[in-house]
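Chemist: To start, I am sharing the structure in question, which I have written as structure tokens.
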Protein chains: 2
Amino acid sequence: MRWDMLDEEACSVARTVSVVGDRWTLLILRDCFLKVRRFEQFQERLGITRHVLADRLKKLVKTGVLERNAYQDRPARYDYRLTDKGLALYPVLLALVHWGDTQGAEGRARPVHYRHRTCGALLDPIMVCSECREPLGARDVLVEPGPGLPEGHGLLDPALKSRSSAS
Amino acid sequence: MRWDMLDEEACSVARTVSVVGDRWTLLILRDCFLKVRRFEQFQERLGITRHVLADRLKKLVKTGVLERNAYQDRPARYDYRLTDKGLALYPVLLALVHWGDTQGAEGRARPVHYRHRTCGALLDPIMVCSECREPLGARDVLVEPGPGLPEGHGLLDPALKSRSSAS
DNA sequence: CCTCTCCGTTCCGAAACGGAACCTTGACAG
DNA sequence: CTGTCAAGGTTCCGTTTCGGAACGGAGAGG
């Protein structure tokens, strides 16, 4: 399977991954949320190749995550900012940060803290159920078929299927 | 910058991305949460090259996200399951799914629904502040330096710095 | 005129990837 | 004891992508 096919997939993860599932893209987005906007800034902070940076920015603009707008004319200069669609990726970044803070760090202290403007406290981001507001673990959630599931394509718990069809 | 350097970074996003920031890796993890465990299953469902699949699984085992254990001897056969460290990635996957459902889908119906076992409702995963339990948007969170921030390395809002040092 | 800044593009060798075949261990069938 | 099959990989080869570095171009400033 090649990557041009991924954005056509029914699976929401696959479509999201086709947009942001790339090491550099995720780091670019991290910097976007830290208010980095200009080509040179990205390049210097990330140490990314200019070639790859130009390519990733172009793709992010094409997918509507960033928008490229001129912040001056003569000479024409452009910067890149998150659209609403891009801002909606914030939970993804928070989830990555939190995993890095709690699981990846071997005795490392946190490089940054996050303070909630509205309540004033230092926070951890936690993923909760929209209905009961309880934290969500992998064991707490049951996957059910939805209306957009292509038939035959087992996005569902394949353990059930393979155990009954195998042997 | 090359990828061997990323896991040494102070930034939690960079370290997380060095582990899971790869298209195939994220799709492999999606399937792990759907209880796919065997090499052949991954290969068939994902359409991934066996070569790359073996490589990714090996890396995920090395980083402690998956564990490889024999489910039979003679012939020795192995499967891969999420460790606690791997299970802790669930919020990342939920965030990716939710973005795909709400932003990536152009009129598409959801392929799967998620039901909360403990409250029984169909849920959306939302990221909230651990202290006040309010949903977190990019505008609601203030980034502050933490004890692990290497000096000079501006992980902080660079707009402040560049505006005062530039021009 | 020369140089500087910013945003890229072009070029080249190295690394990663996709596709397909092959290997190994053992079970099972004839 | 010779196929054949299954699972879990490994090897090989040609194509893409990447990293590193140079070049381009459109103005600003001296």
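Scheme for the structure tokens: letters A, B, ... for chains in order shown; per-chain residue numbers from 1; ligand numbers from 1 in order shown.
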Find the residues near region 110-113 of chain B: any atom within 9 Å, counting only C-alpha atoms (C1' of nucleotides), skip ones fewer than 2 places away on the same chain, and give them as a list in words.
Modeler: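 These residues fall inside the cut-off: Ala10, Cys11, Ser12, Leu142, Val143, Glu144, Pro145, Gly146, Pro147, Gly148, Leu149, Pro150, Leu155 and Leu156 of chain A; Asp101, Ala105, Arg108, Arg115, Leu122, Leu123 and Asp124 of chain B.
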Chemist: Next, the residues of the selection above should be written as a compact mmCIF listing (two decimals), in the first residue's frame with C-alpha atoms.
Modeler:
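The file below, part.txt, is the result:
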```
# COMPACT_ATOMS: atom_id res chain seq x y z
CA ALA A 10 -12.67 4.89 5.73
CA CYS A 11 -10.69 4.68 8.94
CA SER A 12 -10.42 8.02 10.67
CA LEU A 142 -16.17 -0.67 23.39
CA VAL A 143 -15.82 -0.34 19.63
CA GLU A 144 -19.06 -0.64 17.70
CA PRO A 145 -19.77 -0.51 13.97
CA GLY A 146 -20.89 2.86 12.69
CA PRO A 147 -22.83 3.87 9.58
CA GLY A 148 -19.64 4.61 7.61
CA LEU A 149 -18.09 1.19 8.02
CA PRO A 150 -17.52 -0.49 4.65
CA LEU A 155 -12.32 -2.46 11.46
CA LEU A 156 -13.83 -4.19 14.42
CA ASP B 101 -14.09 12.09 12.52
CA ALA B 105 -14.38 13.56 7.06
CA ARG B 108 -18.42 10.84 5.64
CA ARG B 115 -19.26 3.21 23.74
CA LEU B 122 -21.70 6.68 22.92
CA LEU B 123 -18.85 9.07 23.52
CA ASP B 124 -16.59 11.62 21.98
```
Chemist: Under the rule of at most 8 Å, produce a per-residue listing of chain D near chain B: chain, number, name, the closest pair of atoms, and the distance in Å, as a tab-separated table, using only C-alpha atoms (C1' of nucleotides).
Modeler:
```
residue	atom	partner	partner_atom	distance
D:DA7	C1'	B:Arg77	CA	6.8
D:DG8	C1'	B:Phe39	CA	6.7
D:DG9	C1'	B:Ala54	CA	7.3
D:DT10	C1'	B:His51	CA	7.9
D:DG19	C1'	B:Arg2	CA	7.8
```
Chemist: What residues in chain C lie within 8 Å of chain A, counting only C-alpha atoms (C1' of nucleotides), written as a PyMOL selection string?
Modeler: chain C and resi 6-9+18
Chemist: I need the residues from that last selection saved to file as a CSV table (one decimal), in the first residue's frame (with N, CA and C atoms (P, O5', C5', C4', C3', O3' and C1' of nucleotides)), if you can.
Modeler:
```csv
chain,number,residue,atom,x,y,z
C,6,DC,P,15.4,37.6,8.3
C,6,DC,O5',14.5,37.0,7.1
C,6,DC,C5',13.5,37.8,6.5
C,6,DC,C4',12.9,37.1,5.3
C,6,DC,C3',12.5,35.6,5.6
C,6,DC,O3',11.1,35.5,5.4
C,6,DC,C1',13.7,35.8,3.6
C,7,DC,P,10.3,34.1,5.7
C,7,DC,O5',10.3,33.4,4.3
C,7,DC,C5',9.6,34.1,3.2
C,7,DC,C4',9.8,33.3,1.9
C,7,DC,C3',9.5,31.8,2.0
C,7,DC,O3',8.8,31.4,0.8
C,7,DC,C1',11.6,32.2,1.1
C,8,DG,P,7.8,30.2,0.8
C,8,DG,O5',8.8,29.0,1.1
C,8,DG,C5',9.0,28.0,0.1
C,8,DG,C4',10.1,28.5,-1.0
C,8,DG,C3',10.5,27.5,-1.9
C,8,DG,O3',9.7,27.4,-3.1
C,8,DG,C1',12.3,29.0,-1.3
C,9,DT,P,9.6,26.0,-3.8
C,9,DT,O5',10.9,26.0,-4.6
C,9,DT,C5',11.2,26.9,-5.7
C,9,DT,C4',12.5,26.5,-6.4
C,9,DT,C3',12.6,25.1,-6.9
C,9,DT,O3',13.1,25.1,-8.2
C,9,DT,C1',14.4,25.5,-5.5
C,18,DG,P,6.5,1.7,2.0
C,18,DG,O5',6.7,1.0,0.6
C,18,DG,C5',6.4,1.7,-0.6
C,18,DG,C4',6.3,0.8,-1.7
C,18,DG,C3',5.4,-0.4,-1.6
C,18,DG,O3',4.7,-0.6,-2.8
C,18,DG,C1',7.6,-1.2,-1.9
```
Chemist: Compile the contact shell of Glu8 (chain B) as a JSON list (two decimals) with N, CA and C atoms, in the first residue's frame: residues with an atom at most 12 Å away, counting only C-alpha atoms (C1' of nucleotides), same-chain residues fewer than 5 positions apart removed.
Modeler:
```
[["chain", "number", "residue", "atom", "x", "y", "z"],
["A", 100, "GLY", "N", 4.96, 11.70, 26.50],
["A", 100, "GLY", "CA", 6.40, 11.92, 26.65],
["A", 100, "GLY", "C", 6.77, 12.29, 28.06],
["A", 104, "GLY", "N", 7.92, 8.53, 28.53],
["A", 104, "GLY", "CA", 9.20, 8.55, 27.82],
["A", 104, "GLY", "C", 10.35, 9.07, 28.65],
["A", 105, "ALA", "N", 10.03, 9.91, 29.64],
["A", 105, "ALA", "CA", 11.08, 10.56, 30.41],
["A", 105, "ALA", "C", 11.61, 9.61, 31.46],
["A", 106, "GLU", "N", 12.89, 9.32, 31.40],
["A", 106, "GLU", "CA", 13.49, 8.47, 32.44],
["A", 106, "GLU", "C", 14.14, 9.38, 33.48],
["A", 108, "ARG", "N", 13.65, 12.36, 33.79],
["A", 108, "ARG", "CA", 13.82, 13.71, 33.30],
["A", 108, "ARG", "C", 12.77, 14.64, 33.90],
["B", 1, "MET", "N", 19.42, 17.68, 11.00],
["B", 1, "MET", "CA", 19.20, 16.81, 12.15],
["B", 1, "MET", "C", 18.71, 15.43, 11.71],
["B", 2, "ARG", "N", 19.25, 14.43, 12.29],
["B", 2, "ARG", "CA", 18.82, 13.08, 11.97],
["B", 2, "ARG", "C", 18.03, 12.49, 13.13],
["B", 3, "TRP", "N", 17.42, 11.33, 12.86],
["B", 3, "TRP", "CA", 16.43, 10.83, 13.81],
["B", 3, "TRP", "C", 17.02, 10.18, 15.05],
["B", 13, "VAL", "N", 7.47, 16.22, 23.12],
["B", 13, "VAL", "CA", 6.88, 15.88, 21.83],
["B", 13, "VAL", "C", 7.91, 15.19, 20.95],
["B", 14, "ALA", "N", 9.12, 15.73, 20.95],
["B", 14, "ALA", "CA", 10.16, 15.15, 20.10],
["B", 14, "ALA", "C", 10.45, 13.72, 20.50],
["B", 15, "ARG", "N", 10.51, 13.48, 21.80],
["B", 15, "ARG", "CA", 10.79, 12.11, 22.23],
["B", 15, "ARG", "C", 9.64, 11.17, 21.88],
["B", 16, "THR", "N", 8.43, 11.63, 22.06],
["B", 16, "THR", "CA", 7.29, 10.79, 21.69],
["B", 16, "THR", "C", 7.27, 10.52, 20.20],
["B", 17, "VAL", "N", 7.52, 11.57, 19.44],
["B", 17, "VAL", "CA", 7.51, 11.43, 17.99],
["B", 17, "VAL", "C", 8.62, 10.48, 17.52],
["B", 18, "SER", "N", 9.72, 10.46, 18.25],
["B", 18, "SER", "CA", 10.78, 9.54, 17.85],
["B", 18, "SER", "C", 10.36, 8.09, 18.03],
["B", 19, "VAL", "N", 9.35, 7.87, 18.84],
["B", 19, "VAL", "CA", 8.85, 6.51, 19.05],
["B", 19, "VAL", "C", 7.67, 6.19, 18.13]]
```
Chemist: When DSSP is applied to the backbone of this structure, which of chain B are assigned helix (DSSP H, G or I)? Write them out as a PyMOL selection string.
Modeler: chain B and resi 3-8+12-20+23-33+39-46+50-62+84-87+90-104+138-140+158-165
Chemist: Output C-alpha atoms of each residue in that selection to a file, as a compact mmCIF listing (two decimals), in the first residue's frame.
Modeler:
```
# COMPACT_ATOMS: atom_id res chain seq x y z
CA TRP B 3 16.43 10.83 13.81
CA ASP B 4 18.88 9.20 16.18
CA MET B 5 19.19 12.56 17.89
CA LEU B 6 15.48 13.04 18.50
CA ASP B 7 15.12 10.63 21.40
CA GLU B 8 17.76 12.63 23.28
CA SER B 12 8.52 15.64 25.20
CA VAL B 13 6.88 15.88 21.83
CA ALA B 14 10.16 15.15 20.10
CA ARG B 15 10.79 12.11 22.23
CA THR B 16 7.29 10.79 21.69
CA VAL B 17 7.51 11.43 17.99
CA SER B 18 10.78 9.54 17.85
CA VAL B 19 8.85 6.51 19.05
CA VAL B 20 5.47 6.76 17.35
CA ARG B 23 2.81 6.61 9.56
CA TRP B 24 3.07 2.85 9.78
CA THR B 25 3.80 2.87 13.48
CA LEU B 26 0.62 4.75 14.22
CA LEU B 27 -1.44 2.39 12.10
CA ILE B 28 0.18 -0.59 13.77
CA LEU B 29 -0.78 0.85 17.13
CA ARG B 30 -4.32 1.44 15.96
CA ASP B 31 -4.55 -2.24 15.16
CA CYS B 32 -2.96 -3.15 18.48
CA PHE B 33 -5.79 -1.38 20.26
CA PHE B 39 2.58 -10.63 12.32
CA GLU B 40 0.45 -12.08 9.56
CA GLN B 41 -2.64 -10.23 10.75
CA PHE B 42 -0.87 -6.90 10.77
CA GLN B 43 0.57 -7.57 7.38
CA GLU B 44 -2.72 -8.51 5.81
CA ARG B 45 -4.81 -5.76 7.38
CA LEU B 46 -2.34 -2.97 6.76
CA ARG B 50 6.82 -7.45 5.67
CA HIS B 51 10.24 -5.90 5.84
CA VAL B 52 8.96 -2.63 7.25
CA LEU B 53 6.52 -4.36 9.55
CA ALA B 54 9.30 -6.44 11.09
CA ASP B 55 11.37 -3.32 11.54
CA ARG B 56 8.57 -1.32 13.20
CA LEU B 57 7.59 -4.12 15.52
CA LYS B 58 11.20 -4.54 16.55
CA LYS B 59 11.48 -0.84 17.32
CA LEU B 60 8.24 -0.80 19.28
CA VAL B 61 9.46 -3.72 21.35
CA LYS B 62 12.78 -2.02 21.92
CA ASP B 84 1.31 -0.55 30.06
CA LYS B 85 3.49 2.02 28.38
CA GLY B 86 1.80 1.17 25.10
CA LEU B 87 -1.68 1.28 26.60
CA TYR B 90 -4.60 5.38 24.01
CA PRO B 91 -5.33 9.11 24.34
CA VAL B 92 -3.08 9.77 21.35
CA LEU B 93 -5.06 7.37 19.21
CA LEU B 94 -8.37 8.73 20.48
CA ALA B 95 -7.25 12.23 19.61
CA LEU B 96 -6.31 11.15 16.10
CA VAL B 97 -9.61 9.35 15.61
CA HIS B 98 -11.61 12.27 16.84
CA TRP B 99 -9.83 14.72 14.57
CA GLY B 100 -10.42 12.41 11.64
CA ASP B 101 -14.09 12.09 12.52
CA THR B 102 -14.73 15.78 12.99
CA GLN B 103 -12.29 17.49 10.64
CA GLY B 104 -11.06 15.07 8.03
CA ALA B 138 -4.97 25.99 22.29
CA ARG B 139 -5.93 29.46 23.48
CA ASP B 140 -6.69 28.34 27.03
CA PRO B 158 9.45 32.47 20.29
CA ALA B 159 7.31 35.31 19.04
CA LEU B 160 8.32 37.24 22.13
CA LYS B 161 11.97 36.64 21.61
CA SER B 162 12.17 37.20 17.88
CA ARG B 163 10.16 40.38 18.04
CA SER B 164 12.44 41.92 20.60
CA SER B 165 15.73 40.68 19.12
```
Chemist: Using the chain letters and numbers from this document, which residues of chain A does DSSP assign to strand (DSSP E or B), as a PyMOL selection string?
Modeler: chain A and resi 22+38+66-72+77-82+112-116+122+125-129+135+141-145
Chemist: Selected residues, N, CA and C atoms, written as a short mmCIF file (atom, residue, chain, number, x, y, z; two decimals), in the first residue's frame, please.
Modeler:
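Result went into result.cif, see below:
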```cif
data_model
loop_
_atom_site.label_atom_id
_atom_site.label_comp_id
_atom_site.auth_asym_id
_atom_site.auth_seq_id
_atom_site.Cartn_x
_atom_site.Cartn_y
_atom_site.Cartn_z
N ASP A 22 3.70 12.01 10.30
CA ASP A 22 5.06 12.11 9.78
C ASP A 22 5.84 12.85 10.84
N ARG A 38 7.21 31.50 10.66
CA ARG A 38 7.97 31.79 9.46
C ARG A 38 8.90 30.66 9.08
N LEU A 66 -2.82 24.41 7.81
CA LEU A 66 -2.19 25.73 7.89
C LEU A 66 -2.72 26.60 6.77
N GLU A 67 -2.60 27.91 6.97
CA GLU A 67 -2.81 28.78 5.83
C GLU A 67 -1.61 29.68 5.65
N ARG A 68 -1.32 29.93 4.38
CA ARG A 68 -0.15 30.71 4.01
C ARG A 68 -0.65 32.10 3.65
N ASN A 69 -0.21 33.09 4.41
CA ASN A 69 -0.65 34.42 4.04
C ASN A 69 0.52 35.40 4.05
N ALA A 70 0.41 36.38 3.18
CA ALA A 70 1.48 37.37 3.03
C ALA A 70 1.44 38.33 4.20
N TYR A 71 2.53 38.47 4.90
CA TYR A 71 2.55 39.45 5.98
C TYR A 71 3.23 40.74 5.52
N GLN A 72 3.73 40.74 4.27
CA GLN A 72 4.20 41.98 3.65
C GLN A 72 4.30 41.75 2.15
N ARG A 77 6.47 38.27 1.32
CA ARG A 77 6.89 37.32 2.36
C ARG A 77 5.64 36.69 2.96
N TYR A 78 5.77 35.40 3.24
CA TYR A 78 4.61 34.67 3.69
C TYR A 78 4.87 34.03 5.05
N ASP A 79 3.82 33.88 5.83
CA ASP A 79 3.95 33.04 7.01
C ASP A 79 2.81 32.03 7.04
N TYR A 80 2.93 31.14 7.99
CA TYR A 80 2.03 29.99 8.06
C TYR A 80 1.37 29.99 9.42
N ARG A 81 0.04 29.93 9.44
CA ARG A 81 -0.65 29.87 10.71
C ARG A 81 -1.70 28.78 10.69
N LEU A 82 -1.97 28.31 11.87
CA LEU A 82 -2.97 27.26 12.03
C LEU A 82 -4.36 27.79 11.67
N VAL A 112 8.55 21.91 30.07
CA VAL A 112 7.59 23.01 30.19
C VAL A 112 6.41 22.57 31.05
N HIS A 113 5.78 23.54 31.64
CA HIS A 113 4.52 23.31 32.34
C HIS A 113 3.41 23.99 31.57
N TYR A 114 2.20 23.51 31.80
CA TYR A 114 1.04 24.09 31.13
C TYR A 114 0.10 24.63 32.19
N ARG A 115 -0.19 25.90 32.06
CA ARG A 115 -1.10 26.52 33.01
C ARG A 115 -2.42 26.83 32.32
N HIS A 116 -3.50 26.45 32.99
CA HIS A 116 -4.82 26.69 32.44
C HIS A 116 -5.21 28.13 32.73
N LEU A 122 -1.72 24.58 37.21
CA LEU A 122 -0.89 23.78 36.32
C LEU A 122 -1.64 22.48 36.05
N PRO A 125 -3.11 17.21 30.79
CA PRO A 125 -4.26 16.99 29.88
C PRO A 125 -4.74 15.56 30.02
N ILE A 126 -6.02 15.37 30.27
CA ILE A 126 -6.55 14.01 30.34
C ILE A 126 -7.74 13.85 29.41
N MET A 127 -7.83 12.67 28.85
CA MET A 127 -8.87 12.38 27.87
C MET A 127 -10.05 11.78 28.60
N VAL A 128 -11.21 12.39 28.44
CA VAL A 128 -12.38 11.91 29.16
C VAL A 128 -13.55 11.65 28.21
N CYS A 129 -14.49 10.92 28.72
CA CYS A 129 -15.75 10.66 28.03
C CYS A 129 -16.58 11.94 27.99
N PRO A 135 -12.22 9.66 33.01
CA PRO A 135 -11.05 9.39 32.17
C PRO A 135 -11.22 8.11 31.36
N VAL A 141 -13.47 1.26 26.77
CA VAL A 141 -14.19 1.67 25.56
C VAL A 141 -14.47 0.47 24.68
N LEU A 142 -15.72 0.41 24.25
CA LEU A 142 -16.17 -0.67 23.39
C LEU A 142 -16.32 -0.11 21.97
N VAL A 143 -15.73 -0.80 21.01
CA VAL A 143 -15.82 -0.34 19.63
C VAL A 143 -17.04 -0.96 18.97
N GLU A 144 -17.86 -0.13 18.36
CA GLU A 144 -19.06 -0.64 17.70
C GLU A 144 -19.08 -0.17 16.25
N PRO A 145 -19.71 -0.94 15.37
CA PRO A 145 -19.77 -0.51 13.97
C PRO A 145 -20.60 0.74 13.81
#
```
Chemist: What does the structure give for the distance between CA of Gly120 (chain B) and CA of Gly137 (chain A), in Å to one decimal?
Modeler: 14.4 Å
Chemist: At what distance in Å, to one decimal, does C1' of DC12 (chain C) lie from C1' of DG24 (chain D)?
Modeler: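 Taking C1' of DG24 (chain D) as the start and C1' of DC12 (chain C) as the end point, the length is 17.9 Å.
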Chemist: A:Gly107, A:Arg37, A:Arg74, A:Ser130: which is nearest chain B, counting only C-alpha atoms?
Modeler: A:Ser130
Chemist: Go ahead and compute the interatomic distance for CA of Val65 (chain B) and CA of Glu134 (chain A), in Å to one decimal.
Modeler: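 If I compute the distance from CA of Val65 (chain B) to CA of Glu134 (chain A), I get 24.5 Å.
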